[in-house]
$ cat query17.pdb   # PDB, C-alpha atoms
ATOM      1  CA  TYR A 188      -7.334 -10.203   0.126
ATOM      2  CA  ARG A 189      -4.712  -8.685   2.447
ATOM      3  CA  HIS A 190      -2.907  -6.960  -0.436
ATOM      4  CA  SER A 191      -6.181  -5.444  -1.616
ATOM      5  CA  VAL A 192      -6.604  -3.811   1.800
ATOM      6  CA  LEU A 193      -2.923  -3.136   2.595
ATOM      7  CA  THR A 194      -1.687  -2.017  -0.804
ATOM      8  CA  PRO A 195       1.935  -2.931  -1.572
ATOM      9  CA  GLY A 196       4.113   0.158  -2.005
ATOM     10  CA  VAL A 197       1.914   2.305   0.250
ATOM     11  CA  PRO A 198       2.982   2.922   3.857
ATOM     12  CA  SER A 199       0.365   1.611   6.281
ATOM     13  CA  ILE A 200      -0.489   2.136   9.931
ATOM     14  CA  SER A 201      -2.758   0.445  12.432
ATOM     15  CA  VAL A 202      -4.461   2.123  15.357
ATOM     16  CA  GLU A 203      -5.395  -0.177  18.200
ATOM     17  CA  ALA A 204      -6.577   0.983  21.616
ATOM     18  CA  LEU A 205      -4.878  -2.104  22.991
ATOM     19  CA  SER A 206      -1.515  -3.710  22.321
ATOM     20  CA  THR A 207       0.299  -3.395  19.017
ATOM     21  CA  PHE A 208       1.254  -7.062  19.362
ATOM     22  CA  GLY A 209       0.882  -8.830  16.026
ATOM     23  CA  TRP A 210       0.439  -5.695  13.928
ATOM     24  CA  HIS A 211       4.129  -5.439  12.938
ATOM     25  CA  LYS A 212       3.693  -8.158  10.332
ATOM     26  CA  TYR A 213       0.811  -6.283   8.650
ATOM     27  CA  VAL A 214       1.718  -2.582   8.820
ATOM     28  CA  HIS A 215       4.761  -0.317   8.735
ATOM     29  CA  ARG A 216       3.747   1.660  11.840
ATOM     30  CA  PRO A 217       1.487   0.155  14.502
ATOM     31  CA  ILE A 218       0.055   2.649  16.992
ATOM     32  CA  GLY A 219      -1.345   1.469  20.299
ATOM     33  CA  ILE A 220      -0.720   0.872  23.983
ATOM     34  CA  ASP A 221       2.191  -1.394  24.839
ATOM     35  CA  SER A 222       2.156  -0.994  28.589
ATOM     36  CA  PHE A 223      -0.073  -2.282  31.356
ATOM     37  CA  GLY A 224      -1.699  -0.877  34.465
ATOM     38  CA  ALA A 225      -3.005   2.562  33.501
ATOM     39  CA  SER A 226      -6.472   3.490  34.612
ATOM     40  CA  GLY A 227      -8.614   6.585  34.455
ATOM     41  CA  PRO A 228     -11.130   8.326  32.223
ATOM     42  CA  VAL A 229     -10.841   7.034  28.662
ATOM     43  CA  ASP A 230     -10.368  10.494  27.125
ATOM     44  CA  LYS A 231      -7.404  11.188  29.414
ATOM     45  CA  LEU A 232      -5.884   7.768  28.754
ATOM     46  CA  TYR A 233      -6.229   8.174  24.988
ATOM     47  CA  LYS A 234      -4.534  11.561  25.186
ATOM     48  CA  HIS A 235      -1.767  10.191  27.443
ATOM     49  CA  PHE A 236      -1.056   7.323  25.030
ATOM     50  CA  GLY A 237      -1.344   9.437  21.875
ATOM     51  CA  LEU A 238      -4.556   7.826  20.641
ATOM     52  CA  VAL A 239      -6.065  11.130  19.573
ATOM     53  CA  PRO A 240      -6.498  12.345  15.984
ATOM     54  CA  GLU A 241      -3.804  15.029  15.998
ATOM     55  CA  VAL A 242      -1.114  12.688  17.388
ATOM     56  CA  ILE A 243      -2.087   9.816  15.089
ATOM     57  CA  ALA A 244      -2.107  12.169  12.091
ATOM     58  CA  GLY A 245       1.362  13.428  13.060
ATOM     59  CA  LYS A 246       2.700   9.871  13.185
ATOM     60  CA  ALA A 247       1.108   9.092   9.820
ATOM     61  CA  ILE A 248       2.684  12.181   8.264
ATOM     62  CA  LYS A 249       6.101  11.187   9.651
ATOM     63  CA  LEU A 250       5.698   7.719   8.138
ATOM     64  CA  ILE A 251       4.731   9.164   4.747
ATOM     65  CA  ASP A 252       7.644  11.621   4.869
ATOM     66  CA  TYR A 253      10.059   8.816   5.773
ATOM     67  CA  TYR A 254       9.105   6.846   2.671
ATOM     68  CA  LYS A 255       8.986   9.786   0.242
ATOM     69  CA  ASN A 256      12.492   9.020  -1.002
ATOM     70  CA  ARG A 257      12.759   5.395   0.070
ATOM     71  CA  PRO A 258      11.151   2.266  -1.278
ATOM     72  CA  VAL A 259       8.253   1.058   0.843
ATOM     73  CA  PRO A 260       8.971  -2.516   1.891
ATOM     74  CA  THR A 261       6.348  -5.055   0.958
ATOM     75  CA  LEU A 262       5.210  -6.854   4.065
ATOM     76  CA  ASP A 263       4.857 -10.600   4.099
ATOM     77  CA  LEU A 264       1.085 -10.959   4.277
ATOM     78  CA  GLU A 265       1.047 -14.647   3.494
ATOM     79  CA  PHE A 266       0.681 -17.316   6.147
TER      80      PHE A 266
END

$ encode --input "query17.pdb" --output "structure tokens"
Amino acid sequence: YRHSVLTPGVPSISVEALSTFGWHKYVHRPIGIDSFGASGPVDKLYKHFGLVPEVIAGKAIKLIDYYKNRPVPTLDLEF
């Protein structure tokens, strides 16, 4: 099932409004918040941590560009 969702040979990202903990085994580029203690309006926090469409899209484009001339590693999706 995991390979049908996270296709081998295709760079993948995750976007989590919490920690990226655990995502490294499933995706090539986890995006999330890896610090603690911030508070404020959610829209300002999302912008501060880069959890807005334009920043996420930029990171996805960088990941795609990185693998244009490199083989995409297959992640170990088995337990």

$ resolve_selection --input "query17.pdb" --expression "the PyMOL selection byres ((chain A and resi 190) around 12)" --output "NGL selection string"
:A and (188-189 or 191-197 or 199 or 213-214 or 261-265)

$ atom_distance --input "query17.pdb" --atom1 "atom CA of A:Val202" --atom2 "atom CA of A:Leu238"
7.8 Å

$ atom_distance --input "query17.pdb" --atom1 "atom CA of A:Val239" --atom2 "atom CA of A:Gly219"
10.8 Å

$ axis_aligned_box --input "query17.pdb" --around "stretch 210-221 of chain A" --padding-each-side "6 Å" --output "lines of an AutoDock Vina configuration file"
center_x = 1.7
center_y = -2.8
center_z = 16.7
size_x = 18.1
size_y = 22.8
size_z = 28.2

$ closest_residue --input "query17.pdb" --among "A:Val229, A:Ile200, A:Ile243, A:Leu205" --to "A:Pro217" --atoms "all atoms listed in the file"
A:Ile200

$ atom_distance --input "query17.pdb" --atom1 "atom CA of A:Glu203" --atom2 "atom CA of A:Lys255"
25.1 Å

$ residues_near_point --input "query17.pdb" --point "(5.0, -2.5, 28.7)" --cutoff "12 Å" --atoms "only C-alpha atoms" --output "list in words"
Leu205, Ser206, Thr207, Phe208, Gly219, Ile220, Asp221, Ser222, Phe223, Gly224 and Ala225 of chain A

$ write_last_selection --input "query17.pdb" --atoms "C-alpha atoms" --output "PDB file, in the frame of the given file"
ATOM      1  CA  LEU A 205      -4.878  -2.104  22.991  1.00  0.00           C
ATOM      2  CA  SER A 206      -1.515  -3.710  22.321  1.00  0.00           C
ATOM      3  CA  THR A 207       0.299  -3.395  19.017  1.00  0.00           C
ATOM      4  CA  PHE A 208       1.254  -7.062  19.362  1.00  0.00           C
ATOM      5  CA  GLY A 219      -1.345   1.469  20.299  1.00  0.00           C
ATOM      6  CA  ILE A 220      -0.720   0.872  23.983  1.00  0.00           C
ATOM      7  CA  ASP A 221       2.191  -1.394  24.839  1.00  0.00           C
ATOM      8  CA  SER A 222       2.156  -0.994  28.589  1.00  0.00           C
ATOM      9  CA  PHE A 223      -0.073  -2.282  31.356  1.00  0.00           C
ATOM     10  CA  GLY A 224      -1.699  -0.877  34.465  1.00  0.00           C
ATOM     11  CA  ALA A 225      -3.005   2.562  33.501  1.00  0.00           C
TER      12      ALA A 225
END

$ closest_residue --input "query17.pdb" --among "A:Tyr254, A:Ala247, A:Ile218, A:Pro228" --to "A:Ala204" --atoms "all atoms listed in the file"
A:Ile218

$ closest_residue --input "query17.pdb" --among "A:Phe236, A:Gly209, A:Lys231, A:His215" --to "A:Leu250" --atoms "all atoms listed in the file"
A:His215

$ closest_residue --input "query17.pdb" --among "A:Arg216, A:Trp210, A:Gly227, A:Leu232" --to "A:Ile248" --atoms "all atoms listed in the file"
A:Arg216
